[in-house]
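So the structure is just underneath, and the comments pick up after that.
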Amino acid sequence: MIRQELAAEKGIIVSLRTVERAVQRYRQEVAAEARATVRFETPPGKQLQIDFGERLVEIGGSKVRAYLFVATLGYSRRHHARAFRNERQESWFDGLESAFVKFGGVPEEVLFDNARALVVEHDAATRTVVFNDKLTAFAKHWGFRPRACAPYRARTKGKTENGVGYVKRNAVAGRTFPSWEAFEAHLEAWTWEIADLRQHGTTGEVPIERFRRAEAHALKPIAGRPPFQAARELIRRVRAIVPDRLSDMLTRLKLTAVRDQLDGLLDEAGRQELSLRETLVLLCEREIARKDERRVEMTLKLARFPFVRDLSGFDFSAQPSLDPKQIRELASARWIANGENVLLLGPPGVGKTHLAVALGREAILAGHSVQFVAATTVVAQLAKGHGEGRLEERLAQFAKPKLLIIDELGYLPFEPNAAHLFFQLVSRRYERGAILLTSNRSVGEWGSVFSDPVVATAILDRLLHHSHVITIRGDSYRLKEKRRSGLLQKPAAPEAKSEKKS
Ligand code: ADP
Ligand code: MG
């Protein structure tokens with residue numbers, strides 16, 4: 001073979017004897033290699049050894065420094081050789097990836113020496129190795145285990161160091177190349193045509209045959225995995241682009257809680273090891289919670305309550321005339337959904353407005369729109385609208401909320417039209433929207449409140465149909481508080497009544 005190459009390349013004809021004498025030295029080296037590496041035999045697919053060797057190569061008429069990357073499969077002894085202009089990390093990765101592609105798979109482990117590009121620290125005494133972060137990521141990407149030789153014991157890696165020597169002597173020495181590309185092409189052709197086909201001194205087999213027989217199937221298939229750098233670039237681009245796009249889409253879908261808390265929510269899902277479906281539930285819950293909060297906040301503002309009160313702040317023991325069960329039932333807001341009415345009747349200070357606000361709040365929590373308005377304001381606004389010829393507008397405005405709370409009926413201003421206007425409002429909402437009305441007057445006194453018994457009857461007729469009338473006959477909470485502190489004397493026992501009319 002050597003004689004053939006010499007004849008072809010240099011036009012030199014030499015006798016077989018001459019060549020044999022010349023290669024005698026190499027034969028001994030090969031024998032030494034065989035002895036040195038027997039200890040390190042590894043099963044098929046287990047190990048790939050890699051290394052770099054530096055050499056001056058004559059390319060295009062001048063000496064060029066080339067770094068030869070050589071990868072050797074531990075079992076079959078197949079070689080892969082590449083030429084690089086440096087020994088930087090990209091060159092290692094590039095060399096390894098091209099080896100995986102050439103061998104059609106990835107070995108269990110890759111063995112190398114303590115090159116700075118790959119190993120940050122290798123403590124010879126404790127044998128602890130710190131790999132370069134990017135190498136760790138690279139190894140994870142391809143699914144191999146990186147292994148560094150013990151420092152000063154490069155012989156662990158015997159196969160490749162000899163591989164580098166073999167490539168230098170057999171593929172590079174004594175040759176010139178017209179260009180770098182031609183040099184690279186030569187190395188590739190050499191591995192297939194010479195290295196793969198030689199008879200190996202230790203195994204006694206031809207590497208490509210040994211590879212096909214036992215090692216090809218033992219490697220983990222590449223299965224279309226993209227090169228590491230390309231994959232990293234893709235991930236970087238996805239990270240850079242996707243959040244913006246995602247954020248835009250979430251904005252468009254009005255999923256602002258998910259958008260604003262995405263990273264935290266995904267971390268949380270990761271920590272709890274949630275499935276995709278459970279993660280979606282988490283995201284939806286968070287979005288709904290935020291939307292509910294916002295809606296309640298907004299609706300509370302729009303309701304225009306005179307003060308902030310809730311049911312938990314209502315002391316039922318101070319008002320024995322009230323049935324807590326009935327109030328709790330009303331708190332469920334079912335009556336609002338059904339367009340029913342609630343009349344809270346009783347003297348001043350017994351908590352009518354408090355309860356009205358608290359029930360209005362519950363209605364909002366249940367998802368209804370609420371408007372709170374004083375009875376005097378309702379009548380004044382309707383009268384104003386009527387005077388301006390815009391009564392319809394005003395009526396529509398008061399008809400809108402699902403629950404209209406009209407507080408403190410009984411002190412109506414002396415409006416000749418008051419009863420009529422109020423009747424129109426009640427008619428407009430009749431069986432469509434709920435009304436909660438508080439009054440310090442009993443139903444029987446409404447004729448005089450409206451100074452028109454006929455219209456008052458018509459109003460009551462509509463209000464009381466589907467209604468809950470709660471009459472509080474207790475005394476003022478404020479006065480009670482004062483009495484408790486000894487400022488007032490206790491009056492006669494109160495008598496309370498609560499009825500439902502339908
Ligand atoms: P009304 O509207 O019947 O005249 P309010 O609801 O305005 O009475 O009550 C007067 C004050 O007393 C309010 O601050 C209210 O919160 C408080 N109050 C009335 N009844 C109670 C009660 N049972 N528990 C707690 N606070 C009450
Ligand atoms: Mg009141």
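Ordering of the structure tokens sets the chain letters (A, B, ...); residue numbers start at 1 within each chain; ligands are numbered from 1 in the order shown.
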Each chain A residue no farther than 7 Å from ligand 1, nearest pair in Å, only C-alpha atoms and all ligand atoms, as a Markdown table:
| residue | atom | partner | partner_atom_place_in_ligand_line | distance |
| --- | --- | --- | --- | --- |
| A:Arg309 | CA | ligand 1 | 16 (O) | 6.6 |
| A:Gly313 | CA | ligand 1 | 25 (C) | 5.8 |
| A:Phe314 | CA | ligand 1 | 24 (N) | 3.8 |
| A:Asp315 | CA | ligand 1 | 24 (N) | 3.6 |
| A:Phe316 | CA | ligand 1 | 23 (N) | 5.3 |
| A:Ala318 | CA | ligand 1 | 23 (N) | 5.1 |
| A:Gln319 | CA | ligand 1 | 23 (N) | 5.3 |
| A:Gly346 | CA | ligand 1 | 3 (O) | 6.6 |
| A:Pro347 | CA | ligand 1 | 3 (O) | 6.3 |
| A:Pro348 | CA | ligand 1 | 4 (O) | 3.7 |
| A:Gly349 | CA | ligand 1 | 4 (O) | 3.4 |
| A:Val350 | CA | ligand 1 | 3 (O) | 4.0 |
| A:Gly351 | CA | ligand 1 | 6 (O) | 3.1 |
| A:Lys352 | CA | ligand 1 | 3 (O) | 3.6 |
| A:Thr353 | CA | ligand 1 | 2 (O) | 3.6 |
| A:His354 | CA | ligand 1 | 6 (O) | 3.6 |
| A:Leu355 | CA | ligand 1 | 6 (O) | 6.4 |
| A:Ser476 | CA | ligand 1 | 19 (C) | 7.0 |
| A:Tyr477 | CA | ligand 1 | 19 (C) | 4.6 |
| A:Arg478 | CA | ligand 1 | 12 (O) | 5.4 |
Store the residues picked out above in a file with C-alpha atoms, as a JSON list (two decimals), in the first residue's frame.
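out28.json, written as the output of this step:
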[["chain", "number", "residue", "atom", "x", "y", "z"],
["A", 309, "ARG", "CA", -70.20, 47.36, 55.85],
["A", 313, "GLY", "CA", -69.73, 43.10, 61.02],
["A", 314, "PHE", "CA", -73.40, 42.82, 61.87],
["A", 315, "ASP", "CA", -74.16, 41.84, 65.41],
["A", 316, "PHE", "CA", -77.28, 39.65, 65.26],
["A", 318, "ALA", "CA", -77.95, 42.97, 69.31],
["A", 319, "GLN", "CA", -80.98, 42.63, 67.03],
["A", 346, "GLY", "CA", -87.86, 49.66, 61.00],
["A", 347, "PRO", "CA", -87.09, 52.72, 63.07],
["A", 348, "PRO", "CA", -83.86, 54.68, 62.66],
["A", 349, "GLY", "CA", -80.59, 53.17, 63.82],
["A", 350, "VAL", "CA", -81.57, 49.48, 63.79],
["A", 351, "GLY", "CA", -79.10, 48.62, 60.99],
["A", 352, "LYS", "CA", -81.27, 48.81, 57.87],
["A", 353, "THR", "CA", -78.67, 50.63, 55.81],
["A", 354, "HIS", "CA", -75.95, 48.43, 57.24],
["A", 355, "LEU", "CA", -77.81, 45.31, 56.11],
["A", 476, "SER", "CA", -81.37, 51.96, 67.65],
["A", 477, "TYR", "CA", -78.06, 50.13, 67.72],
["A", 478, "ARG", "CA", -76.32, 53.37, 68.51]]
Assign secondary structure with DSSP using the backbone only, and return the residues of region 265-481 of chain A in strand (DSSP E or B) as a tab-separated table (two decimals) with C-alpha atoms, in the first residue's frame.
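Final file, out.tsv:
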chain	number	residue	atom	x	y	z
A	341	ASN	CA	-87.53	42.48	46.21
A	342	VAL	CA	-86.48	42.98	49.82
A	343	LEU	CA	-88.11	45.54	52.11
A	344	LEU	CA	-86.19	46.39	55.26
A	345	LEU	CA	-88.53	48.27	57.58
A	370	VAL	CA	-75.58	46.97	42.22
A	371	GLN	CA	-76.49	50.59	42.63
A	372	PHE	CA	-77.13	52.21	45.96
A	373	VAL	CA	-79.15	55.40	46.01
A	374	ALA	CA	-81.05	57.42	48.59
A	403	LEU	CA	-80.00	45.24	42.19
A	404	LEU	CA	-81.19	48.75	42.98
A	405	ILE	CA	-80.94	49.67	46.63
A	406	ILE	CA	-83.24	52.56	47.54
A	407	ASP	CA	-82.41	53.73	51.01
A	408	GLU	CA	-84.57	55.57	53.49
A	409	LEU	CA	-87.95	55.89	51.87
A	434	ALA	CA	-84.42	43.35	42.18
A	435	ILE	CA	-85.06	46.26	44.53
A	436	LEU	CA	-83.90	46.47	48.11
A	437	LEU	CA	-85.79	49.20	49.86
A	438	THR	CA	-85.32	50.47	53.37
A	439	SER	CA	-87.91	52.57	55.13
A	467	SER	CA	-90.86	40.07	48.08
A	468	HIS	CA	-89.20	39.46	51.40
A	469	VAL	CA	-90.44	41.94	53.99
A	470	ILE	CA	-88.25	42.20	57.05
A	471	THR	CA	-89.54	44.40	59.83
Residue list (alpha helix (DSSP H), DSSP) for region 252-393 of chain A, as a ChimeraX atom specification: /A:252,256-271,276-303,324-331,334-337,352-365,375-387,391-393
Kindly export the residues of the current selection with C-alpha atoms, as a CSV table (one decimal), in the first residue's frame.
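And here is the file that came out, selection.csv:
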chain,number,residue,atom,x,y,z
A,252,ARG,CA,-55.0,40.0,23.3
A,256,THR,CA,-53.3,39.6,32.2
A,257,ALA,CA,-52.8,37.7,35.4
A,258,VAL,CA,-51.2,34.8,33.5
A,259,ARG,CA,-49.1,37.3,31.5
A,260,ASP,CA,-47.9,39.2,34.5
A,261,GLN,CA,-47.2,36.2,36.7
A,262,LEU,CA,-46.2,33.7,34.1
A,263,ASP,CA,-42.6,33.0,35.3
A,264,GLY,CA,-43.7,32.6,38.9
A,265,LEU,CA,-46.6,30.4,38.0
A,266,LEU,CA,-44.5,28.2,35.8
A,267,ASP,CA,-41.9,27.9,38.5
A,268,GLU,CA,-44.6,27.0,40.9
A,269,ALA,CA,-46.0,24.3,38.5
A,270,GLY,CA,-42.5,23.0,38.1
A,271,ARG,CA,-41.9,22.8,41.9
A,276,LEU,CA,-49.8,20.1,31.7
A,277,ARG,CA,-53.5,19.8,32.5
A,278,GLU,CA,-52.9,20.7,36.2
A,279,THR,CA,-50.7,23.6,35.1
A,280,LEU,CA,-53.5,24.9,32.9
A,281,VAL,CA,-55.9,24.7,35.8
A,282,LEU,CA,-53.5,26.7,37.9
A,283,LEU,CA,-53.2,29.4,35.2
A,284,CYS,CA,-57.0,29.6,34.8
A,285,GLU,CA,-57.6,29.7,38.5
A,286,ARG,CA,-55.1,32.6,38.9
A,287,GLU,CA,-56.6,34.5,36.0
A,288,ILE,CA,-60.2,34.0,37.3
A,289,ALA,CA,-59.1,35.0,40.8
A,290,ARG,CA,-57.6,38.2,39.4
A,291,LYS,CA,-60.6,39.0,37.2
A,292,ASP,CA,-63.0,38.4,40.2
A,293,GLU,CA,-60.9,40.7,42.4
A,294,ARG,CA,-60.9,43.4,39.7
A,295,ARG,CA,-64.6,43.1,39.0
A,296,VAL,CA,-65.5,43.2,42.7
A,297,GLU,CA,-63.4,46.3,43.2
A,298,MET,CA,-64.9,48.0,40.2
A,299,THR,CA,-68.5,47.0,41.0
A,300,LEU,CA,-68.1,48.1,44.6
A,301,LYS,CA,-66.9,51.5,43.4
A,302,LEU,CA,-69.8,51.8,40.9
A,303,ALA,CA,-72.3,50.8,43.6
A,324,PRO,CA,-79.9,35.3,61.0
A,325,LYS,CA,-80.9,32.4,58.9
A,326,GLN,CA,-83.2,34.5,56.7
A,327,ILE,CA,-80.4,37.1,56.2
A,328,ARG,CA,-77.9,34.4,55.4
A,329,GLU,CA,-80.4,33.1,52.8
A,330,LEU,CA,-80.7,36.5,51.3
A,331,ALA,CA,-76.9,36.7,51.3
A,334,ARG,CA,-80.7,34.0,44.8
A,335,TRP,CA,-83.5,36.5,45.2
A,336,ILE,CA,-81.5,39.0,43.0
A,337,ALA,CA,-81.1,36.4,40.2
A,352,LYS,CA,-81.3,48.8,57.9
A,353,THR,CA,-78.7,50.6,55.8
A,354,HIS,CA,-75.9,48.4,57.2
A,355,LEU,CA,-77.8,45.3,56.1
A,356,ALA,CA,-78.6,46.9,52.7
A,357,VAL,CA,-75.0,47.6,52.1
A,358,ALA,CA,-73.9,44.2,53.3
A,359,LEU,CA,-76.5,42.4,51.1
A,360,GLY,CA,-75.4,44.6,48.2
A,361,ARG,CA,-71.9,43.5,48.8
A,362,GLU,CA,-72.9,39.9,48.8
A,363,ALA,CA,-74.7,40.5,45.5
A,364,ILE,CA,-71.6,41.9,44.0
A,365,LEU,CA,-69.5,38.9,45.2
A,375,ALA,CA,-84.8,57.6,48.0
A,376,THR,CA,-84.7,61.4,48.0
A,377,THR,CA,-82.0,61.3,45.3
A,378,VAL,CA,-84.0,58.9,43.1
A,379,VAL,CA,-87.1,61.1,43.2
A,380,ALA,CA,-85.1,64.3,42.7
A,381,GLN,CA,-83.3,62.9,39.7
A,382,LEU,CA,-86.5,61.5,38.2
A,383,ALA,CA,-88.2,64.8,38.7
A,384,LYS,CA,-85.3,66.6,37.1
A,385,GLY,CA,-85.3,64.3,34.2
A,386,HIS,CA,-89.0,64.8,33.8
A,387,GLY,CA,-88.6,68.5,33.9
A,391,LEU,CA,-87.4,61.0,32.1
A,392,GLU,CA,-86.9,57.9,29.9
A,393,GLU,CA,-83.1,58.3,30.2
Closest contacts (region 155-265 of chain A/region 126-144 of chain A, max 12 Å, only C-alpha atoms) as a Markdown table:
| residue | atom | partner | partner_atom | distance |
| --- | --- | --- | --- | --- |
| A:Leu219 | CA | A:Phe144 | CA | 10.4 |
| A:Lys220 | CA | A:Gly143 | CA | 8.4 |
| A:Pro221 | CA | A:Trp142 | CA | 9.9 |
| A:Ile222 | CA | A:Trp142 | CA | 7.9 |
| A:Ala223 | CA | A:Trp142 | CA | 10.6 |
| A:Gly224 | CA | A:Trp142 | CA | 11.2 |
| A:Arg225 | CA | A:Trp142 | CA | 8.1 |
| A:Pro226 | CA | A:His141 | CA | 9.4 |
| A:Pro227 | CA | A:Trp142 | CA | 8.7 |
| A:Phe228 | CA | A:Phe138 | CA | 6.3 |
| A:Gln229 | CA | A:Phe138 | CA | 8.7 |
| A:Ala230 | CA | A:His141 | CA | 11.2 |
| A:Ala231 | CA | A:His141 | CA | 8.6 |
| A:Arg232 | CA | A:Phe138 | CA | 9.4 |
Report, in Å to a single decimal, how far apart CA of Glu108 (chain A) and CA of Ile50 (chain A) are. 13.6 Å
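Candidate residues A:Leu246, A:Leu274, A:Ile208, A:Leu395 were compared for distance to Arg428 (chain A), and the nearest is A:Leu395, using only C-alpha atoms.
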List the neighbours of Asp51 (chain A) out to 12 Å using only C-alpha atoms; skip same-chain residues closer than 5 positions along the sequence, and give me the result as a tab-separated table (two decimals) with N, CA and C atoms, in the first residue's frame.
chain	number	residue	atom	x	y	z
A	67	TYR	N	-4.39	21.63	13.71
A	67	TYR	CA	-4.72	20.87	14.92
A	67	TYR	C	-5.59	19.69	14.49
A	68	LEU	N	-5.04	18.52	14.69
A	68	LEU	CA	-5.74	17.31	14.24
A	68	LEU	C	-6.61	16.77	15.35
A	69	PHE	N	-7.89	16.70	15.09
A	69	PHE	CA	-8.82	16.11	16.05
A	69	PHE	C	-8.99	14.65	15.65
A	70	VAL	N	-8.76	13.76	16.60
A	70	VAL	CA	-8.92	12.34	16.30
A	70	VAL	C	-9.85	11.71	17.33
A	71	ALA	N	-10.87	11.03	16.82
A	71	ALA	CA	-11.79	10.30	17.69
A	71	ALA	C	-11.67	8.83	17.37
A	72	THR	N	-11.57	8.01	18.42
A	72	THR	CA	-11.41	6.57	18.19
A	72	THR	C	-12.43	5.79	19.00
A	79	HIS	N	-11.48	5.17	13.37
A	79	HIS	CA	-11.00	6.53	13.61
A	79	HIS	C	-11.86	7.53	12.86
A	80	HIS	N	-11.93	8.71	13.47
A	80	HIS	CA	-12.50	9.85	12.75
A	80	HIS	C	-11.48	10.97	12.92
A	81	ALA	N	-11.10	11.62	11.83
A	81	ALA	CA	-10.08	12.67	11.91
A	81	ALA	C	-10.57	13.94	11.24
A	82	ARG	N	-10.30	15.06	11.92
A	82	ARG	CA	-10.66	16.37	11.36
A	82	ARG	C	-9.49	17.32	11.57
A	83	ALA	N	-9.38	18.29	10.69
A	83	ALA	CA	-8.34	19.31	10.84
A	83	ALA	C	-8.98	20.62	11.26
A	87	GLU	N	-7.58	24.86	18.79
A	87	GLU	CA	-7.99	23.78	19.68
A	87	GLU	C	-9.06	24.28	20.64
A	91	SER	N	-14.06	23.76	18.42
A	91	SER	CA	-13.42	22.75	17.60
A	91	SER	C	-13.62	21.36	18.20
A	92	TRP	N	-13.53	21.29	19.52
A	92	TRP	CA	-13.80	20.00	20.18
A	92	TRP	C	-15.23	19.53	19.87
A	93	PHE	N	-16.17	20.48	20.06
A	93	PHE	CA	-17.58	20.13	19.85
A	93	PHE	C	-17.84	19.74	18.40
A	95	GLY	N	-15.69	18.67	16.23
A	95	GLY	CA	-15.04	17.39	15.95
A	95	GLY	C	-15.88	16.22	16.47
A	96	LEU	N	-16.39	16.37	17.70
A	96	LEU	CA	-17.19	15.30	18.31
A	96	LEU	C	-18.49	15.07	17.53
A	110	VAL	N	-17.48	9.63	26.66
A	110	VAL	CA	-16.42	10.19	25.83
A	110	VAL	C	-15.25	10.50	26.76
A	111	LEU	N	-14.09	9.96	26.42
A	111	LEU	CA	-12.91	10.10	27.26
A	111	LEU	C	-11.94	11.08	26.61
A	112	PHE	N	-11.42	12.00	27.42
A	112	PHE	CA	-10.48	12.98	26.88
A	112	PHE	C	-9.49	13.36	27.96
A	113	ASP	N	-8.45	14.08	27.58
A	113	ASP	CA	-7.50	14.52	28.60
A	113	ASP	C	-8.00	15.84	29.20
A	114	ASN	N	-7.19	16.43	30.06
A	114	ASN	CA	-7.68	17.58	30.80
A	114	ASN	C	-7.49	18.90	30.05
A	115	ALA	N	-7.98	18.94	28.83
A	115	ALA	CA	-7.87	20.15	28.02
A	115	ALA	C	-8.62	21.29	28.71
A	117	ALA	N	-10.29	23.63	27.54
A	117	ALA	CA	-11.60	23.92	26.94
A	117	ALA	C	-12.70	23.02	27.51
A	118	LEU	N	-12.29	21.93	28.15
A	118	LEU	CA	-13.29	20.95	28.61
A	118	LEU	C	-13.34	20.78	30.12
A	148	ALA	N	-12.86	12.50	32.12
A	148	ALA	CA	-11.51	13.03	31.93
A	148	ALA	C	-10.50	12.02	32.45
A	149	CYS	N	-9.40	11.87	31.72
A	149	CYS	CA	-8.34	10.97	32.16
A	149	CYS	C	-7.73	11.53	33.44
A	154	ALA	N	-2.17	10.03	30.92
A	154	ALA	CA	-2.83	10.04	29.63
A	154	ALA	C	-2.90	8.65	29.01
A	157	LYS	N	-5.96	6.72	28.04
A	157	LYS	CA	-6.58	7.07	26.77
A	157	LYS	C	-5.73	6.54	25.61
A	158	GLY	N	-4.89	5.58	25.92
A	158	GLY	CA	-3.91	5.07	24.96
A	158	GLY	C	-4.34	5.02	23.52
A	159	LYS	N	-5.55	4.58	23.29
A	159	LYS	CA	-5.98	4.37	21.91
A	159	LYS	C	-5.90	5.63	21.06
A	160	THR	N	-6.31	6.75	21.61
A	160	THR	CA	-6.36	7.94	20.78
A	160	THR	C	-5.02	8.64	20.65
A	161	GLU	N	-4.26	8.63	21.77
A	161	GLU	CA	-2.95	9.26	21.65
A	161	GLU	C	-2.19	8.55	20.53
A	162	ASN	N	-2.36	7.24	20.51
A	162	ASN	CA	-1.76	6.51	19.40
A	162	ASN	C	-2.49	6.82	18.11
A	163	GLY	N	-3.82	7.07	18.25
A	163	GLY	CA	-4.62	7.44	17.08
A	163	GLY	C	-4.06	8.71	16.46
A	164	VAL	N	-3.78	9.72	17.32
A	164	VAL	CA	-3.23	10.97	16.81
A	164	VAL	C	-1.90	10.72	16.11
A	165	GLY	N	-1.05	9.92	16.78
A	165	GLY	CA	0.25	9.60	16.18
A	165	GLY	C	0.07	8.88	14.84
A	167	VAL	N	-2.48	9.03	12.79
A	167	VAL	CA	-2.97	9.96	11.76
A	167	VAL	C	-1.83	10.84	11.26
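You can rank A:Asp452, A:His200, A:Lys63, A:Arg441 by their closest distance to ligand 2 using only C-alpha atoms and all ligand atoms, and at the top of that list sits A:Arg441.
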Residues within 8 Å of Ala195 (chain A), please, as an mmCIF file with N, CA and C atoms, in the first residue's frame. Count only C-alpha atoms; anything in the same chain fewer than 4 positions from it doesn't count.
data_model
loop_
_atom_site.group_PDB
_atom_site.id
_atom_site.type_symbol
_atom_site.label_atom_id
_atom_site.label_comp_id
_atom_site.auth_asym_id
_atom_site.auth_seq_id
_atom_site.Cartn_x
_atom_site.Cartn_y
_atom_site.Cartn_z
ATOM 1 N N ARG A 78 -12.361 2.222 15.138
ATOM 2 C CA ARG A 78 -12.568 3.088 13.971
ATOM 3 C C ARG A 78 -12.099 4.491 14.338
ATOM 4 N N HIS A 79 -11.482 5.168 13.373
ATOM 5 C CA HIS A 79 -11.003 6.525 13.605
ATOM 6 C C HIS A 79 -11.859 7.530 12.860
ATOM 7 N N TRP A 190 -9.082 9.341 3.878
ATOM 8 C CA TRP A 190 -8.095 8.454 4.501
ATOM 9 C C TRP A 190 -8.741 7.549 5.559
ATOM 10 N N THR A 191 -9.642 8.132 6.381
ATOM 11 C CA THR A 191 -10.253 7.304 7.427
ATOM 12 C C THR A 191 -11.033 6.152 6.815
ATOM 13 N N PRO A 207 -11.214 -2.640 11.444
ATOM 14 C CA PRO A 207 -12.132 -1.809 12.245
ATOM 15 C C PRO A 207 -13.549 -1.707 11.684
#
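Candidate residues A:Asn440, A:Thr251, A:Gln49, A:Thr42 were compared for distance to ligand 2, and the nearest is A:Asn440, using only C-alpha atoms and all ligand atoms.
For the choices A:Leu187, A:Pro178, A:Ser76, A:Ala125, the atom-to-atom distance to Gly201 (chain A) is smallest for A:Ser76 when using only C-alpha atoms.
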Taking only C-alpha atoms into account, which of A:Phe423, A:Tyr75, A:Trp446, A:Tyr430 comes nearest Ala214 (chain A)? A:Tyr75
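Of the listed residues A:Glu215, A:Phe305, A:Asp248, A:Pro146, the one whose atoms come nearest to ligand 2 is A:Phe305, with distances taken using only C-alpha atoms and all ligand atoms.
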